[in-house]
Amino acid sequence: MKKSFTMFESFAKYLVDKGSLSPTELELVRSVSVPKRVRKSQYWLEEGTLSNAIGFVVKGCFRQFRVGQDQQEHIMRFAIENWWIADFTSFDTGKPASSYIEALEDSELLVITKENFNHLIDTIPSFKVMIDNLETRNFEAHQNRIFSNISETADMRYDNFVKKYPTLYNRIPLYMIASFLGLTRETLSRVRKQNVKKLLILTILSLIFWSASVHAQQIRSAKGKPNVIVIYSDDQGSLDMNIYGAKDLSTPNLDRLARNGTRFSNFHSASPVCSPSRASLLTGRYPQRAGLDNNAPSSLGGEGGMPGSQFTMAELFKSGGYKTAHIGKWHMGYSPETMPNQQGFDYSFGFMGGCIDSYSHFFYWAGPNRHDLWRNGTEIWEDGKYFPNLMVDEAGKFLEDNQSSPFFMYFAINMPHYPLQGEQKWRDYYKDLPAPRRMYAAAVSTMDEKIGLLLKKVDELGLTDNTIIVFQADQGHSTEERTFGGGGYAGSNRGSKFSVFEGGILAPAIISWPGHIPVNTVRDQFSTNIDWFPTLAAYCQLTLPQRKIDGKSLVQVIASPKAKSPHEDFFWQFEGAKGNPQWAVREGDWKLLHSPRESKPADLDKDNFMLVNIKNGSTETRNEAAEHPDVVKRLQEKYQNWIREVFTQ
C-alpha cells in the first residue's frame, strides 16, 4: 500500500512539473494520497476534506482505517451523488442519483471486490435494505460493469493521456494498480490487465480534476460566508443523549450531528435557568452583565427582560451582511423593545414567555391563561397545530427564502421542557420505562426527530457543507412538579435546573462544519455557552463589538484536544436570599460553591461554603473546605471582585 501512495504522489508531481497542476492543487491531491494524517488519528478523517472522502471510496479502505458506520454512510452518499464529476458512471450530470438503488444499478466504482461489497451490506443497514429490494444481488454483474461501461468521454481522456505520457503510462506497475484499487488476486486474474491499468489512469486523472474543482469551490466559499444555525434545547439533562451515555434514549439525529462534528464533555451554561442562559448565549456575556440574571416575564408588557442596549449575536451577524431569524422560544423580554425584532432579528416566529402548551399555544402556569404565539411582533393563531412542527415549517421557509445569501438562525426548540408533550409514536416506544422517565424520554426523542427534519432541510437545499451547526441545551433538567418531579439524566453529576451544582449547569454541546472542524471528536476542556459568540465571530470573520465580551473563542480548543481551556476562572450567581446568595467559582479543577440549591446542611461549613475538586469526580458530595482554607479564601475573594465588576460594563 505504501508503494501505491508513493507512485500516486510521484504522478501528481509529474503533472505539476508539466504545468498541468498547480502547487495548491497538488496539496489537495496529496490529501487524498498520503494517509499519514489519517493513520495517526483514531477517527476516519482528521480534517474532513471532501478529497479524502473520495479517496477512501476509491481505495476501499473502510475497515483498515476504522471508519465508523455513520462516516461510511456519509462518504458513500457523497460518492454516489458526485461520481459523475469524474466521468466514471452513466449518471445524468444534471440529475445526481436519488437513492442507493439507482447508485448500485448505475455505478461502476462503488463496488470493486466481493469482500468490500459484502462488507458494505453487513455494516450499513440502509445499504442492506436497498440491496434486499433489488431483483438480484449478482456480484459478477456489478463487477463486469466496472470494466465494461467506461464512458466515451473517459475513453477520450484516457487516450489523450496515453499519447501525451506514454513513458509514464508504461512504467505504472500492475501490483500498484491492484493495491490502489483494492483488487484481490482472484479478481485480478479474471480481468484483462489493460482494463485494470486503464481504470487506474482514469481514477488518478479524475481525482486530480476533481481536486482542482474542489479547490476552486473552496476559493469561492472563502470569498463567501458560512451560514450559522444555533439550536438551543430546553431543560435537557446534562447527559440526555444516547451518545452522551443515556442508553435508554433514541437520539439518532443528534448523535449523527455529534459524530459529524465535535462534541464537548465539559461544557457549561452561564446560568442554571432559562432566561439568563439565553441572554448570555446571545450576548457572549455573563447574565449579570447582559442585564438579565433571572427569568423574564411570561406576560405581554411585563417588566424586565434583556435591555435593548445589549448587542446580540443577531446584531453581530446582521452587521456582517447576514439575514437573521429567531424560531421558537424567546423568554428574554415581553415588551416591544425587548422582543426579537428589536434585538437584531429580521424574522421572528414563536412564543415570548417561558413555555406554552404545544397545541393551543396558551401559557397555563400562572393566571390568567393567555395565548402566546407571534410572528414578527404580531400575534397569530394556529389552533391545534403542534408547535415543534410549526417551528420546522417556519425554519424551512426561512431557509428556502435565504438560501442564496448568508443567514444566521437561532432555533430555540421548547423541548423537553414541560408540559412534556412528546408525540404518540414515542410515547408508545417508551411505554415500558418507569415514570417520569418515559414521559421525559418521549419529549427528548420527539425533539431529536424535529431537529433531524431541520437538518434534512438544510441538506436538501445543498447548504450542509457551508453551514455551521451548533447544538446546546440551555441548562440541566427540571425536577419541578410540572415535569412530574424529574425524568432527566445527569449521571453522577449532582443537581438539576436552578442549581449551581454540575447537574444544573453542565450541558451537552456540539458543533459541526463539514470540511472545517474535526469530526467524531470529543473535547474535554472547560467551555461555556458565552464562548459561542466570539467563536462564531471568528469562524465567520466578523468584527466583535467595542464592548466587554466575557466569552472566549473556542477555535483552538475545537482544533486540538491539547489546547488549553480559554478560561482561567468562571463564575455563576443565581437567586438565593439577598444576604445568602447562591453562587459558585470555578478555578481549574477547584470549584467553590456558596449555599447551592439542593444541598443539605451537612454538606456545607458554618459559612455555607462547599469546596470540591472536579478532577476527583463531579459528584460534589465531599466538602474539602476545611482541608484547603487558603483555596476557599482565594476563590471567595475572586467572586467578590467579580460580582462588583460584572454590573459595571
# chains A, B, ... in the order shown; residues from 1 in each chain; ligands from 1
>>> residues_around(residues="A:Ser360", least_positions_apart="6", cutoff="10 Å", atoms="only C-alpha atoms", output="PDB file with N, CA, C and O atoms, in the first residue's frame")
ATOM      1  N   HIS A 371     -52.819  33.489  25.542  1.00  0.00           N
ATOM      2  CA  HIS A 371     -52.304  32.983  24.278  1.00  0.00           C
ATOM      3  C   HIS A 371     -50.956  33.633  23.992  1.00  0.00           C
ATOM      4  O   HIS A 371     -50.756  34.825  24.239  1.00  0.00           O
ATOM      5  N   ASP A 372     -50.011  32.858  23.441  1.00  0.00           N
ATOM      6  CA  ASP A 372     -48.650  33.371  23.234  1.00  0.00           C
ATOM      7  C   ASP A 372     -48.047  32.761  21.972  1.00  0.00           C
ATOM      8  O   ASP A 372     -47.305  31.778  22.024  1.00  0.00           O
ATOM      9  N   LEU A 373     -48.373  33.330  20.814  1.00  0.00           N
ATOM     10  CA  LEU A 373     -47.776  32.909  19.549  1.00  0.00           C
ATOM     11  C   LEU A 373     -47.667  34.130  18.645  1.00  0.00           C
ATOM     12  O   LEU A 373     -48.674  34.815  18.396  1.00  0.00           O
ATOM     13  N   TRP A 381     -52.650  33.017  15.202  1.00  0.00           N
ATOM     14  CA  TRP A 381     -53.364  31.872  15.776  1.00  0.00           C
ATOM     15  C   TRP A 381     -53.197  30.664  14.871  1.00  0.00           C
ATOM     16  O   TRP A 381     -53.422  30.743  13.661  1.00  0.00           O
ATOM     17  N   GLU A 382     -52.781  29.570  15.445  1.00  0.00           N
ATOM     18  CA  GLU A 382     -52.612  28.309  14.715  1.00  0.00           C
ATOM     19  C   GLU A 382     -53.217  27.191  15.560  1.00  0.00           C
ATOM     20  O   GLU A 382     -52.533  26.234  15.945  1.00  0.00           O
ATOM     21  N   ASP A 383     -54.504  27.312  15.839  1.00  0.00           N
ATOM     22  CA  ASP A 383     -55.172  26.408  16.780  1.00  0.00           C
ATOM     23  C   ASP A 383     -54.951  24.941  16.434  1.00  0.00           C
ATOM     24  O   ASP A 383     -55.174  24.506  15.300  1.00  0.00           O
ATOM     25  N   GLY A 384     -54.505  24.174  17.432  1.00  0.00           N
ATOM     26  CA  GLY A 384     -54.390  22.733  17.291  1.00  0.00           C
ATOM     27  C   GLY A 384     -53.162  22.233  16.565  1.00  0.00           C
ATOM     28  O   GLY A 384     -52.953  21.023  16.487  1.00  0.00           O
ATOM     29  N   LYS A 385     -52.339  23.125  16.040  1.00  0.00           N
ATOM     30  CA  LYS A 385     -51.146  22.703  15.311  1.00  0.00           C
ATOM     31  C   LYS A 385     -49.973  22.542  16.275  1.00  0.00           C
ATOM     32  O   LYS A 385     -49.722  23.413  17.105  1.00  0.00           O
ATOM     33  N   TYR A 386     -49.279  21.424  16.146  1.00  0.00           N
ATOM     34  CA  TYR A 386     -48.195  21.067  17.067  1.00  0.00           C
ATOM     35  C   TYR A 386     -47.027  22.035  16.894  1.00  0.00           C
ATOM     36  O   TYR A 386     -46.469  22.175  15.800  1.00  0.00           O
ATOM     37  N   PHE A 387     -46.660  22.715  17.972  1.00  0.00           N
ATOM     38  CA  PHE A 387     -45.685  23.802  17.870  1.00  0.00           C
ATOM     39  C   PHE A 387     -44.331  23.360  17.310  1.00  0.00           C
ATOM     40  O   PHE A 387     -43.765  24.068  16.457  1.00  0.00           O
TER      41      PHE A 387
END
>>> closest_residue(among="A:Phe311, A:Phe498, A:Trp583, A:Phe647", to="A:Glu598", atoms="only C-alpha atoms")
A:Phe498
>>> residues_around(residues="A:His417", least_positions_apart="2", cutoff="7 Å", atoms="only C-alpha atoms", output="MDAnalysis selection string")
chainID A and resid 234:235 414:415 419:420
>>> residues_around(residues="A:Asn580", least_positions_apart="5", cutoff="9 Å", atoms="only C-alpha atoms", output="PyMOL selection string")
chain A and resi 594-595+608
>>> residues_around(residues="A:Pro596", least_positions_apart="3", cutoff="7 Å", atoms="only C-alpha atoms", output="list of chain:residue names")
A:Ser499, A:Val500, A:Phe501, A:Gln582, A:Trp583, A:Leu593, A:Ser599
>>> write_last_selection(atoms="all heavy atoms", output="PDB file, in the first residue's frame")
ATOM      1  N   SER A 499     -29.852  24.967  40.055  1.00  0.00           N
ATOM      2  CA  SER A 499     -28.744  24.735  40.981  1.00  0.00           C
ATOM      3  C   SER A 499     -27.404  24.957  40.299  1.00  0.00           C
ATOM      4  O   SER A 499     -27.232  24.630  39.117  1.00  0.00           O
ATOM      5  CB  SER A 499     -28.798  23.306  41.528  1.00  0.00           C
ATOM      6  OG  SER A 499     -27.648  23.016  42.309  1.00  0.00           O
ATOM      7  N   VAL A 500     -26.415  25.478  41.063  1.00  0.00           N
ATOM      8  CA  VAL A 500     -25.071  25.650  40.515  1.00  0.00           C
ATOM      9  C   VAL A 500     -24.218  24.404  40.714  1.00  0.00           C
ATOM     10  O   VAL A 500     -23.016  24.419  40.415  1.00  0.00           O
ATOM     11  CB  VAL A 500     -24.361  26.890  41.121  1.00  0.00           C
ATOM     12  CG1 VAL A 500     -25.063  28.166  40.679  1.00  0.00           C
ATOM     13  CG2 VAL A 500     -24.272  26.802  42.634  1.00  0.00           C
ATOM     14  N   PHE A 501     -24.808  23.303  41.229  1.00  0.00           N
ATOM     15  CA  PHE A 501     -24.150  22.016  41.131  1.00  0.00           C
ATOM     16  C   PHE A 501     -24.035  21.666  39.640  1.00  0.00           C
ATOM     17  O   PHE A 501     -24.790  22.185  38.794  1.00  0.00           O
ATOM     18  CB  PHE A 501     -24.947  20.932  41.853  1.00  0.00           C
ATOM     19  CG  PHE A 501     -24.751  20.910  43.356  1.00  0.00           C
ATOM     20  CD1 PHE A 501     -25.837  20.972  44.218  1.00  0.00           C
ATOM     21  CD2 PHE A 501     -23.477  20.805  43.906  1.00  0.00           C
ATOM     22  CE1 PHE A 501     -25.663  20.941  45.594  1.00  0.00           C
ATOM     23  CE2 PHE A 501     -23.286  20.768  45.286  1.00  0.00           C
ATOM     24  CZ  PHE A 501     -24.379  20.841  46.135  1.00  0.00           C
ATOM     25  N   GLN A 582     -26.878  32.241  46.186  1.00  0.00           N
ATOM     26  CA  GLN A 582     -26.281  31.032  45.619  1.00  0.00           C
ATOM     27  C   GLN A 582     -25.259  31.440  44.561  1.00  0.00           C
ATOM     28  O   GLN A 582     -25.597  32.176  43.633  1.00  0.00           O
ATOM     29  CB  GLN A 582     -27.364  30.140  44.979  1.00  0.00           C
ATOM     30  CG  GLN A 582     -26.793  28.928  44.270  1.00  0.00           C
ATOM     31  CD  GLN A 582     -27.798  28.170  43.425  1.00  0.00           C
ATOM     32  OE1 GLN A 582     -27.772  26.954  43.356  1.00  0.00           O
ATOM     33  NE2 GLN A 582     -28.686  28.881  42.754  1.00  0.00           N
ATOM     34  N   TRP A 583     -24.038  30.994  44.716  1.00  0.00           N
ATOM     35  CA  TRP A 583     -23.034  31.297  43.704  1.00  0.00           C
ATOM     36  C   TRP A 583     -21.957  30.223  43.686  1.00  0.00           C
ATOM     37  O   TRP A 583     -21.872  29.385  44.585  1.00  0.00           O
ATOM     38  CB  TRP A 583     -22.413  32.681  43.892  1.00  0.00           C
ATOM     39  CG  TRP A 583     -21.780  32.993  45.228  1.00  0.00           C
ATOM     40  CD1 TRP A 583     -22.368  33.642  46.275  1.00  0.00           C
ATOM     41  CD2 TRP A 583     -20.435  32.701  45.645  1.00  0.00           C
ATOM     42  NE1 TRP A 583     -21.491  33.777  47.328  1.00  0.00           N
ATOM     43  CE2 TRP A 583     -20.285  33.211  46.965  1.00  0.00           C
ATOM     44  CE3 TRP A 583     -19.344  32.068  45.053  1.00  0.00           C
ATOM     45  CZ2 TRP A 583     -19.100  33.099  47.685  1.00  0.00           C
ATOM     46  CZ3 TRP A 583     -18.152  31.954  45.764  1.00  0.00           C
ATOM     47  CH2 TRP A 583     -18.040  32.463  47.063  1.00  0.00           C
ATOM     48  N   LEU A 593     -18.546  26.509  46.038  1.00  0.00           N
ATOM     49  CA  LEU A 593     -19.982  26.796  45.990  1.00  0.00           C
ATOM     50  C   LEU A 593     -20.422  27.458  47.282  1.00  0.00           C
ATOM     51  O   LEU A 593     -19.932  27.107  48.374  1.00  0.00           O
ATOM     52  CB  LEU A 593     -20.779  25.508  45.788  1.00  0.00           C
ATOM     53  CG  LEU A 593     -20.487  24.673  44.544  1.00  0.00           C
ATOM     54  CD1 LEU A 593     -19.451  23.580  44.868  1.00  0.00           C
ATOM     55  CD2 LEU A 593     -21.752  24.032  43.994  1.00  0.00           C
ATOM     56  N   SER A 599     -28.541  21.369  48.172  1.00  0.00           N
ATOM     57  CA  SER A 599     -27.561  20.893  49.150  1.00  0.00           C
ATOM     58  C   SER A 599     -28.263  20.603  50.475  1.00  0.00           C
ATOM     59  O   SER A 599     -29.386  21.048  50.722  1.00  0.00           O
ATOM     60  CB  SER A 599     -26.469  21.936  49.370  1.00  0.00           C
ATOM     61  OG  SER A 599     -27.024  23.136  49.913  1.00  0.00           O
TER      62      SER A 599
END
>>> closest_residue(among="A:Tyr322, A:Tyr429, A:Phe349, A:Tyr244", to="A:Asp393", atoms="only C-alpha atoms")
A:Phe349
>>> closest_residue(among="A:Asp248, A:Asp255, A:Glu627, A:Glu587", to="A:Pro508", atoms="only C-alpha atoms")
A:Asp255
>>> atom_distance(atom1="atom CA of A:Leu453", atom2="atom CA of A:Ala296")
29.9 Å
